[in-house]
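Have a look at coords05.txt below; it lists compact mmCIF, C-alpha atoms.
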# COMPACT_ATOMS: atom_id res chain seq x y z
CA MET A 1 0.00 0.00 0.00
CA ARG A 2 2.84 2.32 0.94
CA MET A 3 4.62 1.40 -2.29
CA LYS A 4 1.52 2.31 -4.26
CA SER A 5 1.20 5.67 -2.57
CA LEU A 6 4.80 6.45 -3.61
CA ILE A 7 4.24 5.72 -7.30
CA VAL A 8 2.45 8.99 -8.13
CA PRO A 9 4.92 11.39 -6.45
CA VAL A 10 7.92 9.51 -7.84
CA ALA A 11 6.38 9.58 -11.33
CA LEU A 12 5.72 13.30 -10.96
CA PHE A 13 9.32 13.85 -9.85
CA PHE A 14 10.69 12.12 -12.99
CA MET A 15 8.18 13.92 -15.23
CA VAL A 16 9.48 17.25 -13.94
CA LEU A 17 13.09 16.15 -14.39
CA ILE A 18 12.46 15.01 -17.97
CA SER A 19 10.57 18.17 -18.90
CA CYS A 20 13.46 20.27 -17.62
CA ASN A 21 16.06 18.37 -19.63
CA GLY A 22 14.32 17.79 -22.98
CA SER A 23 16.19 19.20 -25.95
CA SER A 24 13.29 19.74 -28.32
CA ASP A 25 11.64 22.71 -26.66
CA VAL A 26 14.17 25.51 -26.66
CA GLN A 27 12.22 27.92 -24.50
CA LYS A 28 11.77 25.52 -21.60
CA GLU A 29 15.46 25.05 -21.06
CA SER A 30 17.19 26.71 -18.14
CA ASP A 31 20.35 28.73 -18.51
CA GLU A 32 23.04 26.69 -16.88
CA VAL A 33 25.77 29.16 -17.80
CA ASN A 34 24.44 31.62 -15.24
CA ASP A 35 27.11 31.43 -12.62
CA SER A 36 29.96 33.44 -11.34
CA THR A 37 30.69 31.60 -8.15
CA LEU A 38 33.17 29.55 -6.22
CA VAL A 39 33.15 26.04 -7.62
CA ASP A 40 34.70 22.75 -6.66
CA SER A 41 37.43 21.77 -9.16
CA ASP A 42 36.28 18.15 -9.11
CA SER A 43 32.80 19.11 -10.26
CA ILE A 44 34.04 20.80 -13.43
CA ASN A 45 33.22 18.74 -16.51
CA VAL A 46 35.25 19.26 -19.65
CA SER A 47 32.73 20.38 -22.25
CA GLU A 48 33.30 22.57 -25.29
CA GLU A 49 32.81 25.66 -23.15
CA ASP A 50 35.45 24.44 -20.72
CA SER A 51 37.94 23.67 -23.47
CA ASP A 52 40.96 25.93 -23.91
CA VAL A 53 40.13 26.69 -27.55
CA SER A 54 36.82 27.67 -29.17
CA TYR A 55 35.61 29.38 -32.34
CA ASN A 56 33.49 32.42 -33.12
CA LEU A 57 31.99 32.03 -36.58
CA PRO A 58 30.75 34.92 -38.75
CA SER A 59 27.08 35.54 -39.49
CA ALA A 60 25.30 34.69 -42.75
CA LEU A 61 24.61 38.40 -43.08
CA GLN A 62 28.28 39.37 -43.06
CA ILE A 63 29.25 36.61 -45.51
CA ALA A 64 26.54 37.82 -47.92
CA TYR A 65 27.53 41.46 -47.36
CA VAL A 66 31.15 40.76 -48.30
CA PHE A 67 30.10 38.59 -51.26
CA GLY A 68 27.78 41.42 -52.41
CA LYS A 69 30.83 43.68 -52.75
CA SER A 70 32.14 41.43 -55.53
CA GLY A 71 29.49 42.88 -57.84
CA ALA A 72 27.88 39.54 -58.67
CA ILE A 73 24.61 39.93 -60.56
CA TYR A 74 21.50 38.73 -58.71
CA ASN A 75 20.19 35.44 -60.06
CA SER A 76 16.73 34.44 -58.81
CA THR A 77 17.22 30.78 -59.80
CA LEU A 78 20.11 30.22 -57.37
CA PRO A 79 18.57 30.46 -53.87
CA ASN A 80 16.86 27.38 -52.47
CA ASN A 81 13.14 27.35 -53.29
CA VAL A 82 11.09 28.67 -50.36
CA LYS A 83 8.55 25.88 -50.93
CA ASN A 84 11.16 23.36 -49.76
CA ALA A 85 11.03 24.73 -46.19
CA VAL A 86 8.27 22.28 -45.19
CA ASN A 87 10.54 19.33 -46.07
CA TYR A 88 13.17 20.04 -43.43
CA ASP A 89 11.33 19.19 -40.23
CA ILE A 90 12.84 15.72 -40.14
CA SER A 91 16.01 16.01 -38.05
CA ASP A 92 17.95 18.67 -36.13
CA TYR A 93 20.68 18.37 -38.78
CA LYS A 94 18.26 19.20 -41.63
CA ARG A 95 16.56 21.96 -39.62
CA ALA A 96 19.85 23.62 -38.65
CA THR A 97 21.69 23.42 -41.98
CA ASN A 98 18.67 24.63 -43.96
CA PHE A 99 18.04 27.41 -41.46
CA GLY A 100 21.56 28.51 -42.43
CA VAL A 101 20.87 28.09 -46.16
CA TYR A 102 17.75 30.28 -45.96
CA SER A 103 19.59 32.85 -43.81
CA THR A 104 22.13 33.30 -46.62
CA ASP A 105 19.38 33.44 -49.27
CA LEU A 106 17.57 36.07 -47.20
CA ALA A 107 20.76 38.16 -46.95
CA TYR A 108 21.47 37.64 -50.70
CA CYS A 109 18.04 39.06 -51.58
CA LEU A 110 18.35 41.85 -49.01
CA PHE A 111 21.70 43.13 -50.33
CA ASN A 112 20.38 42.93 -53.89
CA LYS A 113 17.34 45.04 -52.91
CA LYS A 114 14.85 42.36 -53.93
CA HIS A 115 12.12 43.38 -51.53
CA GLN A 116 9.47 40.74 -52.21
CA GLU A 117 12.07 37.96 -52.29
CA THR A 118 13.55 39.25 -49.03
CA LYS A 119 10.11 38.92 -47.41
CA ASP A 120 9.65 35.43 -48.90
CA TYR A 121 13.02 34.23 -47.60
CA LEU A 122 12.38 35.78 -44.22
CA LYS A 123 9.19 33.73 -44.06
CA ALA A 124 11.07 30.55 -45.05
CA THR A 125 13.82 31.27 -42.49
CA LYS A 126 11.19 31.86 -39.81
CA GLU A 127 9.40 28.63 -40.78
CA VAL A 128 12.53 26.50 -40.50
CA GLY A 129 13.52 28.47 -37.38
CA ALA A 130 10.21 27.45 -35.81
CA PHE A 131 11.15 23.78 -36.34
CA LEU A 132 14.23 24.52 -34.20
CA GLY A 133 12.15 26.24 -31.53
CA LEU A 134 13.34 29.73 -32.48
CA ASN A 135 9.89 31.38 -32.68
CA GLN A 136 10.82 33.78 -29.89
CA ALA A 137 13.65 35.28 -31.98
CA PHE A 138 11.22 36.19 -34.76
CA GLU A 139 8.27 37.34 -32.72
CA SER A 140 9.69 39.93 -30.33
CA ASP A 141 9.97 43.73 -30.64
CA ASN A 142 7.20 44.13 -33.26
CA PHE A 143 9.70 42.57 -35.62
CA ALA A 144 7.23 41.81 -38.47
CA GLN A 145 5.80 45.34 -38.52
CA ARG A 146 9.28 46.92 -38.37
CA PHE A 147 10.47 44.70 -41.20
CA GLU A 148 7.49 45.64 -43.39
CA LYS A 149 7.84 49.33 -42.58
CA ASN A 150 11.56 49.39 -43.44
CA ILE A 151 11.51 47.04 -46.43
CA SER A 152 13.20 49.58 -48.72
CA ASN A 153 15.72 50.74 -46.12
CA GLU A 154 18.73 48.40 -46.28
CA ASP A 155 20.44 49.74 -43.14
CA SER A 156 17.30 49.27 -41.04
CA LEU A 157 16.74 45.77 -42.40
CA VAL A 158 20.35 44.84 -41.64
CA LYS A 159 19.82 45.99 -38.04
CA ILE A 160 16.59 44.00 -37.75
CA VAL A 161 18.16 40.82 -39.19
CA SER A 162 21.25 41.28 -36.97
CA SER A 163 18.95 41.52 -33.99
CA ILE A 164 17.29 38.22 -34.98
CA GLU A 165 20.75 36.65 -35.34
CA LEU A 166 21.68 37.75 -31.81
CA LYS A 167 18.40 36.41 -30.39
CA THR A 168 18.91 33.12 -32.23
CA ASP A 169 22.46 32.92 -30.95
CA LEU A 170 21.24 33.54 -27.37
CA LEU A 171 18.66 30.79 -27.64
CA PHE A 172 21.32 28.34 -28.84
CA GLU A 173 23.60 29.51 -26.01
CA GLN A 174 20.94 29.20 -23.32
CA ASN A 175 19.99 25.72 -24.48
CA LYS A 176 23.53 24.40 -24.85
CA GLN A 177 22.96 23.83 -28.57
CA LYS A 178 26.35 24.99 -29.80
CA HIS A 179 26.41 22.16 -32.34
CA ILE A 180 23.14 23.48 -33.84
CA ALA A 181 24.71 26.95 -34.10
CA VAL A 182 27.72 25.41 -35.89
CA LEU A 183 25.47 23.49 -38.32
CA THR A 184 23.53 26.67 -39.00
CA PHE A 185 26.78 28.43 -39.87
CA VAL A 186 27.88 25.54 -42.10
CA GLY A 187 24.55 25.67 -44.00
CA ALA A 188 24.96 29.43 -44.46
CA TRP A 189 28.57 29.09 -45.57
CA VAL A 190 27.84 26.28 -48.06
CA GLU A 191 24.98 28.31 -49.58
CA SER A 192 27.26 31.33 -49.93
CA LEU A 193 29.95 29.16 -51.59
CA TYR A 194 27.28 27.85 -53.94
CA LEU A 195 26.07 31.34 -54.87
CA ALA A 196 29.63 32.55 -55.49
CA ASN A 197 30.60 29.44 -57.45
CA GLU A 198 27.54 29.60 -59.71
CA ALA A 199 27.94 33.36 -60.19
CA TYR A 200 31.60 32.95 -61.18
CA SER A 201 30.90 30.10 -63.60
CA LYS A 202 28.44 32.38 -65.39
CA GLU A 203 30.12 35.80 -65.16
CA LYS A 204 33.87 34.93 -64.96
CA ASN A 205 34.37 38.04 -62.85
CA LYS A 206 37.77 38.12 -61.05
CA LYS A 207 36.26 39.78 -57.97
CA ILE A 208 33.71 36.99 -57.59
CA LEU A 209 36.51 34.43 -57.82
CA ALA A 210 38.46 36.31 -55.12
CA SER A 211 35.36 36.29 -52.91
CA LEU A 212 34.86 32.56 -53.54
CA LEU A 213 38.49 31.81 -52.65
CA GLU A 214 38.30 33.86 -49.45
CA GLN A 215 35.16 31.99 -48.41
CA LEU A 216 36.90 28.70 -49.22
CA SER A 217 39.72 29.66 -46.86
CA PHE A 218 37.18 29.28 -44.01
CA SER A 219 37.01 25.54 -44.69
CA GLU A 220 39.74 24.88 -42.12
CA ILE A 221 37.85 26.50 -39.23
CA VAL A 222 34.56 24.99 -40.44
CA LEU A 223 36.14 21.53 -40.13
CA LYS A 224 37.65 22.31 -36.72
CA ALA A 225 34.22 23.40 -35.45
CA LEU A 226 32.46 20.39 -37.00
CA ASN A 227 35.01 17.92 -35.67
CA TYR A 228 34.35 19.30 -32.22
CA HIS A 229 30.70 18.30 -32.55
CA LYS A 230 31.01 15.23 -34.78
CA THR A 231 29.18 12.96 -32.33
CA SER A 232 26.29 15.39 -31.76
CA GLU A 233 24.30 14.42 -34.87
CA PRO A 234 24.63 11.23 -36.97
CA GLU A 235 24.91 13.14 -40.27
CA ILE A 236 27.92 15.25 -39.24
CA GLY A 237 30.48 12.57 -40.18
CA ALA A 238 29.36 12.55 -43.82
CA LEU A 239 29.25 16.36 -43.88
CA ILE A 240 32.85 16.46 -42.62
CA SER A 241 33.96 14.12 -45.45
CA GLU A 242 32.27 16.32 -48.05
CA ILE A 243 33.80 19.52 -46.68
CA GLU A 244 37.22 17.86 -46.51
CA LYS A 245 36.94 17.42 -50.30
CA ILE A 246 36.22 21.14 -50.70
CA LYS A 247 39.21 21.94 -48.48
CA SER A 248 41.58 19.61 -50.31
CA GLY A 249 40.44 21.03 -53.66
CA TYR A 250 41.11 24.54 -52.37
CA GLU A 251 44.51 23.65 -50.89
CA ALA A 252 45.54 21.95 -54.14
CA ILE A 253 45.42 25.25 -56.05
CA ALA A 254 49.03 25.63 -57.28
CA SER A 255 49.23 29.41 -56.86
CA LEU A 256 47.91 29.11 -53.28
CA LYS A 257 50.39 26.33 -52.48
CA ALA A 258 53.24 28.60 -53.61
CA VAL A 259 52.05 31.38 -51.28
CA ASN A 260 51.61 28.98 -48.35
CA GLU A 261 55.10 27.54 -48.88
CA LYS A 262 56.51 31.04 -48.42
CA ASN A 263 54.42 31.35 -45.24
CA GLU A 264 52.71 34.45 -46.64
CA GLU A 265 49.09 35.57 -46.49
CA PRO A 266 47.33 35.00 -49.85
CA ASP A 267 46.10 37.93 -51.91
CA PHE A 268 42.90 36.37 -53.22
CA GLU A 269 42.60 38.79 -56.13
CA ALA A 270 46.10 37.88 -57.33
CA LEU A 271 45.70 34.08 -57.16
CA SER A 272 45.30 32.30 -60.47
CA VAL A 273 43.12 29.21 -60.62
CA SER A 274 43.01 26.81 -63.56
CA GLU A 275 39.73 25.47 -64.99
CA ASP A 276 40.64 21.97 -63.78
CA GLU A 277 41.38 23.15 -60.24
CA LEU A 278 38.10 25.05 -60.16
CA LYS A 279 36.12 22.14 -61.56
CA ILE A 280 37.09 19.88 -58.64
CA ILE A 281 36.13 22.55 -56.09
CA SER A 282 32.93 23.37 -57.96
CA GLN A 283 31.76 19.75 -58.01
CA SER A 284 32.47 19.37 -54.29
CA ILE A 285 30.46 22.51 -53.48
CA GLN A 286 27.52 21.40 -55.63
CA LEU A 287 27.47 17.97 -53.97
CA VAL A 288 27.45 19.20 -50.39
CA ARG A 289 24.83 21.86 -51.18
CA GLN A 290 22.65 19.33 -52.98
CA ASN A 291 22.82 16.96 -50.01
CA ILE A 292 21.84 19.71 -47.60
CA VAL A 293 18.82 21.08 -49.49
CA LYS A 294 17.42 17.80 -50.88
CA MET B 1 -8.11 13.74 -0.25
CA LYS B 2 -5.19 13.56 2.20
CA LYS B 3 -3.20 11.52 -0.33
CA LEU B 4 -3.82 14.10 -3.04
CA SER B 5 -2.65 16.89 -0.73
CA LYS B 6 0.51 14.91 0.04
CA HIS B 7 1.20 14.44 -3.69
CA LEU B 8 0.62 18.11 -4.39
CA LEU B 9 2.94 19.09 -1.54
CA PHE B 10 5.63 16.73 -2.82
CA PHE B 11 5.23 18.10 -6.37
CA SER B 12 5.52 21.70 -5.12
CA ILE B 13 8.72 20.86 -3.22
CA VAL B 14 10.24 19.25 -6.34
CA VAL B 15 9.32 22.25 -8.53
CA SER B 16 10.70 24.70 -5.94
CA PHE B 17 13.92 22.68 -5.66
CA LEU B 18 14.44 22.64 -9.44
CA SER B 19 13.73 26.34 -9.80
CA PHE B 20 16.78 27.02 -7.58
CA GLN B 21 19.00 25.07 -10.01
CA THR B 22 18.98 27.75 -12.71
CA GLY B 23 22.00 29.70 -11.41
CA ASP B 24 22.28 33.36 -10.51
CA VAL B 25 22.07 36.48 -12.63
CA LEU B 26 25.75 37.40 -12.60
CA CYS B 27 26.53 35.65 -15.88
CA ASP B 28 23.47 36.32 -17.99
CA PRO B 29 24.39 35.81 -21.69
CA LYS B 30 21.49 37.98 -22.87
CA VAL B 31 22.45 41.01 -20.78
CA LEU B 32 26.19 40.65 -21.41
CA LYS B 33 25.91 40.12 -25.17
CA GLU B 34 23.40 42.93 -25.64
CA LYS B 35 25.66 45.33 -23.76
CA ALA B 36 28.62 44.27 -25.92
CA LYS B 37 26.49 44.68 -29.06
CA ASP B 38 25.43 48.19 -28.03
CA MET B 39 29.09 49.20 -27.81
CA LEU B 40 29.65 48.30 -31.49
CA ASP B 41 27.86 51.30 -32.94
CA PRO B 42 28.41 52.52 -35.71
CA TYR B 43 29.74 49.08 -36.73
CA LYS B 44 27.18 46.46 -37.78
CA TYR B 45 26.73 43.53 -35.41
CA ASP B 46 28.17 40.29 -36.78
CA SER B 47 28.54 37.76 -33.98
CA SER B 48 29.33 37.33 -30.30
CA GLU B 49 30.96 34.77 -28.09
CA LEU B 50 30.59 33.92 -24.43
CA THR B 51 33.54 32.16 -22.83
CA ARG B 52 33.39 30.44 -19.48
CA ILE B 53 36.40 31.35 -17.42
CA ILE B 54 37.60 29.07 -14.66
CA TYR B 55 40.23 30.42 -12.29
CA LYS B 56 42.69 27.75 -11.22
CA LYS B 57 45.77 27.56 -9.04
CA LYS B 58 47.98 28.18 -12.07
CA GLU B 59 47.64 30.89 -14.71
CA SER B 60 45.75 29.61 -17.75
CA VAL B 61 44.75 30.84 -21.20
CA LYS B 62 41.42 30.40 -22.97
CA GLU B 63 41.53 31.11 -26.69
CA VAL B 64 38.82 31.95 -29.20
CA GLU B 65 39.64 31.79 -32.92
CA VAL B 66 37.81 34.38 -35.00
CA PRO B 67 37.92 34.12 -38.82
CA LEU B 68 37.71 37.50 -40.57
CA PHE B 69 37.44 38.86 -44.10
CA ILE B 70 40.73 40.53 -44.97
CA GLY B 71 39.28 43.66 -46.60
CA GLU B 72 36.89 44.49 -43.74
CA LYS B 73 37.33 46.74 -40.72
CA TYR B 74 36.19 45.22 -37.44
CA ARG B 75 35.45 46.41 -33.94
CA PHE B 76 35.71 43.99 -31.01
CA CYS B 77 33.77 44.98 -27.89
CA PHE B 78 34.38 43.08 -24.67
CA ASN B 79 32.11 42.93 -21.65
CA MET B 80 34.08 41.69 -18.63
CA GLU B 81 31.60 42.55 -15.87
CA ALA B 82 30.76 38.92 -15.09
CA LEU B 83 34.28 38.09 -13.96
CA PRO B 84 35.10 37.96 -10.24
CA LYS B 85 38.76 38.82 -10.89
CA ALA B 86 40.34 40.83 -13.75
CA VAL B 87 41.42 38.85 -16.83
CA GLU B 88 43.79 40.25 -19.45
CA ILE B 89 42.63 40.19 -23.07
CA GLN B 90 45.29 39.66 -25.71
CA ILE B 91 44.61 39.47 -29.45
CA TYR B 92 47.13 37.73 -31.70
CA ASN B 93 47.48 36.96 -35.40
CA LYS B 94 48.31 33.30 -34.70
CA ASP B 95 47.22 30.70 -32.16
CA LYS B 96 48.84 30.15 -28.78
CA ASP B 97 50.95 27.21 -29.97
CA SER B 98 52.55 29.18 -32.81
CA LYS B 99 55.99 30.68 -32.66
CA ASN B 100 56.58 34.30 -33.71
CA ARG B 101 52.99 35.34 -33.29
CA LYS B 102 52.26 39.03 -33.24
CA LEU B 103 50.35 40.76 -30.44
CA LEU B 104 47.71 43.00 -32.05
CA PHE B 105 46.04 44.25 -28.86
CA SER B 106 46.30 43.96 -25.08
CA SER B 107 43.80 45.22 -22.53
CA LYS B 108 46.70 46.15 -20.24
CA SER B 109 46.96 49.48 -22.02
CA ALA B 110 43.31 50.28 -21.26
CA GLY B 111 43.60 49.11 -17.63
CA LEU B 112 42.83 45.58 -16.49
CA ASP B 113 40.00 46.73 -14.20
CA LYS B 114 37.97 48.14 -17.07
CA LYS B 115 34.78 46.19 -17.66
CA GLU B 116 34.06 47.47 -21.18
CA ILE B 117 36.91 47.31 -23.67
CA GLN B 118 37.03 48.01 -27.41
CA CYS B 119 39.57 47.60 -30.14
CA GLU B 120 39.67 47.86 -33.91
CA ILE B 121 41.14 45.16 -36.17
CA SER B 122 41.68 45.25 -39.91
CA LYS B 123 43.72 43.54 -42.62
CA SER B 124 43.62 40.18 -40.85
CA ARG B 125 42.27 36.84 -42.07
CA HIS B 126 41.75 35.65 -38.54
CA VAL B 127 42.62 36.63 -35.01
CA PHE B 128 42.98 34.71 -31.77
CA VAL B 129 41.43 36.24 -28.68
CA ASP B 130 43.30 35.02 -25.59
CA TYR B 131 41.94 35.46 -22.09
CA VAL B 132 44.88 35.27 -19.69
CA VAL B 133 43.31 33.97 -16.48
CA PRO B 134 45.27 34.81 -13.32
CA PRO B 135 45.85 32.14 -10.66
CA VAL B 136 43.82 32.00 -7.45
CA GLU B 137 45.16 30.78 -4.12
CA THR B 138 42.19 28.72 -2.97
CA GLY B 139 39.46 26.83 -4.78
CA SER B 140 38.38 27.63 -8.34
CA TYR B 141 36.29 30.60 -9.35
CA MET B 142 34.08 30.73 -12.39
CA GLY B 143 32.78 33.61 -14.46
CA CYS B 144 32.38 34.54 -18.08
CA ALA B 145 33.77 36.96 -20.61
CA VAL B 146 31.85 38.13 -23.66
CA PHE B 147 32.83 39.86 -26.86
CA ALA B 148 30.86 41.07 -29.85
CA VAL B 149 32.30 41.55 -33.33
CA GLY B 150 31.10 44.32 -35.64
CA TYR B 151 32.02 45.15 -39.23
CA LYS B 152 31.89 48.47 -41.06
I need this file expressed as structure tokens, please.
Amino acid sequence: MRMKSLIVPVALFFMVLISCNGSSDVQKESDEVNDSTLVDSDSINVSEEDSDVSYNLPSALQIAYVFGKSGAIYNSTLPNNVKNAVNYDISDYKRATNFGVYSTDLAYCLFNKKHQETKDYLKATKEVGAFLGLNQAFESDNFAQRFEKNISNEDSLVKIVSSIELKTDLLFEQNKQKHIAVLTFVGAWVESLYLANEAYSKEKNKKILASLLEQLSFSEIVLKALNYHKTSEPEIGALISEIEKIKSGYEAIASLKAVNEKNEEPDFEALSVSEDELKIISQSIQLVRQNIVK
Amino acid sequence: MKKLSKHLLFFSIVVSFLSFQTGDVLCDPKVLKEKAKDMLDPYKYDSSELTRIIYKKKESVKEVEVPLFIGEKYRFCFNMEALPKAVEIQIYNKDKDSKNRKLLFSSKSAGLDKKEIQCEISKSRHVFVDYVVPPVETGSYMGCAVFAVGYK
């Protein structure tokens, strides 16, 4: 009888514990980073935050801003179709990488002053963001009204999108989802590589090539960050292999090798890249992008 | 009825206990990152990083690698208010294991007690932000340092 009377409170206790530790609902999570106190050395676990080395990755907005300076002509067929957003609610990997893809597409449209497309990609980003539990980042501060009101004002839109990026970043931080933040960056970076690669293959503009090469130089830190989280999601191992191919294609560029051998910083506008070298890189970019958005 | 009251009491105790597990307000990422972001103006916000700092018996270094675009001008804004003891910020062009790395910035010049620190970086492909954590005599203290990166 006593045993029976204990079942309900014990079950309630575990229900509360589980609800406080679930990873799917971002807003329910507590912020475990909130401490500035005396701690016992033995209780310190070595996590990524406790490691001696970490990485701060750039935003999709900045990558697109820098790429925009190359003068690439806007091509409406390149961004991922907004209708695909509904297909990505199948795993955290798909949600995160495609949230990154749409973030880059949103920034691409924004910096090319494509107002309707900017709104469409914002909607797609918000939709995939909702799958990740990021609704809060898109719903605060009268964000939708401010976005609509400032649709033709690039500076204001940049501030609004930056503010969403900070809120998103805070939600990932609070919920110990650093690996999701990294996957989001990788999706954004791959999409930006794809846009630059396709733009260069069409326009053969030297500045676009320089922008593509500079973005490719991030492959090393992308791999470091992914390797840190390779056990977090089952798909990360395959993603690492695909990005390693991009990196090896980039590092095989003869003119870059010559610069690296002299231990100098590359001048991306001065590097020459053969058609064959570019073809290998191009195919690797297309493959990884295709696998992300499919 | 008595049983139900007991269960409700037990449930309330559990909820109250768990609500005390959320830590204090001294290291609030939202407050710290928003303050750092506000210091960036007129630079555009790009990203931010919160680093947990653990003070040990020996001096230690925590390093954050930051990739940059070489043609861009950047502002780094640090918020160090959630640290119980001053930590020096050093920014280098290479990581802490490299020889002949160049110091681009040190917070010593601004004064180690300053809680809000800024510096400008340009013409770099990446930088390494090092937090030089001083030793403590007893126990281990924990806090956090935050920086925001802005581009022009």
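With only C-alpha atoms as the atoms that count, the residue of B:Ser98, B:Lys35, B:Thr51, B:Lys57 with the shortest distance to chain A is B:Thr51.
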Interatomic distance (Å, one decimal) between CA of Thr138 (chain B) and CA of Lys56 (chain B): 8.3 Å
For Ile280 (chain A): contacts at 10 Å, all atoms listed in the file, fewer than 3 positions along chain excluded, given as a ChimeraX atom specification: /A:245-246,248-250,252,275-277,283-285
Residues near Glu49 (chain B), cut-off 10 Å, only C-alpha atoms, skip fewer than 2 positions along chain, as a PyMOL selection string: (chain A and resi 54-57+169-170+173) or (chain B and resi 29+33+47+51-52+64+66+78+145-149)
Distance in Å - CA of Lys73 (chain B) versus CA of Val66 (chain A): 11.5 Å
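Shortest separation to chain A among B:Ile117, B:Cys27, B:Leu32, B:Ile54 occurs at residue B:Cys27, atoms counted being all atoms listed in the file.
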Asn80 (chain A) surroundings by only C-alpha atoms, 9 Å radius, close-in-sequence under 3 positions cut, as a list of chain:residue names: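 Returned residues: A:Thr77, A:Lys83, A:Asn84, A:Ala85, A:Val101, A:Tyr102, A:Asp105, A:Glu191, A:Val293.
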Taking (19.4, 29.2, -41.0) in the coordinates of the supplied file, I want to know which residues reach to within 8 Å of it, counting all atoms listed in the file; could you give the answer as a PDB file with C-alpha atoms, keeping the file's coordinate frame?
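point.pdb, freshly written:
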ATOM      1  CA  ARG A  95      16.560  21.960 -39.620  1.00  0.00           C
ATOM      2  CA  ALA A  96      19.850  23.620 -38.650  1.00  0.00           C
ATOM      3  CA  THR A  97      21.690  23.420 -41.980  1.00  0.00           C
ATOM      4  CA  ASN A  98      18.670  24.630 -43.960  1.00  0.00           C
ATOM      5  CA  PHE A  99      18.040  27.410 -41.460  1.00  0.00           C
ATOM      6  CA  GLY A 100      21.560  28.510 -42.430  1.00  0.00           C
ATOM      7  CA  VAL A 101      20.870  28.090 -46.160  1.00  0.00           C
ATOM      8  CA  TYR A 102      17.750  30.280 -45.960  1.00  0.00           C
ATOM      9  CA  SER A 103      19.590  32.850 -43.810  1.00  0.00           C
ATOM     10  CA  THR A 104      22.130  33.300 -46.620  1.00  0.00           C
ATOM     11  CA  THR A 125      13.820  31.270 -42.490  1.00  0.00           C
ATOM     12  CA  VAL A 128      12.530  26.500 -40.500  1.00  0.00           C
ATOM     13  CA  GLY A 129      13.520  28.470 -37.380  1.00  0.00           C
ATOM     14  CA  THR A 184      23.530  26.670 -39.000  1.00  0.00           C
ATOM     15  CA  PHE A 185      26.780  28.430 -39.870  1.00  0.00           C
ATOM     16  CA  GLY A 187      24.550  25.670 -44.000  1.00  0.00           C
ATOM     17  CA  ALA A 188      24.960  29.430 -44.460  1.00  0.00           C
TER      18      ALA A 188
END
Contacts of Val82 (chain A) at 10 Å (all atoms listed in the file; same-chain gap of 6+ positions) as number ranges by chain: A: 102, 105, 117, 120-125, 127
Straight-line distance linking CA of Val161 (chain A) with CA of Asp28 (chain B), stated in Å to one decimal: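 Going from CA of Val161 (chain A) over to CA of Asp28 (chain B) covers 22.3 Å.
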Polymer residues at most 10 Å from Leu157 (chain A), only C-alpha atoms, same-chain spacing of 6 or more positions, as a list of chain:residue names: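 Non-adjacent residues within range: A:Ala107, A:Leu110, A:Phe111, A:Thr118, A:Arg146, A:Phe147, A:Glu148, A:Lys149, A:Asn150, A:Ile151, A:Ser163.
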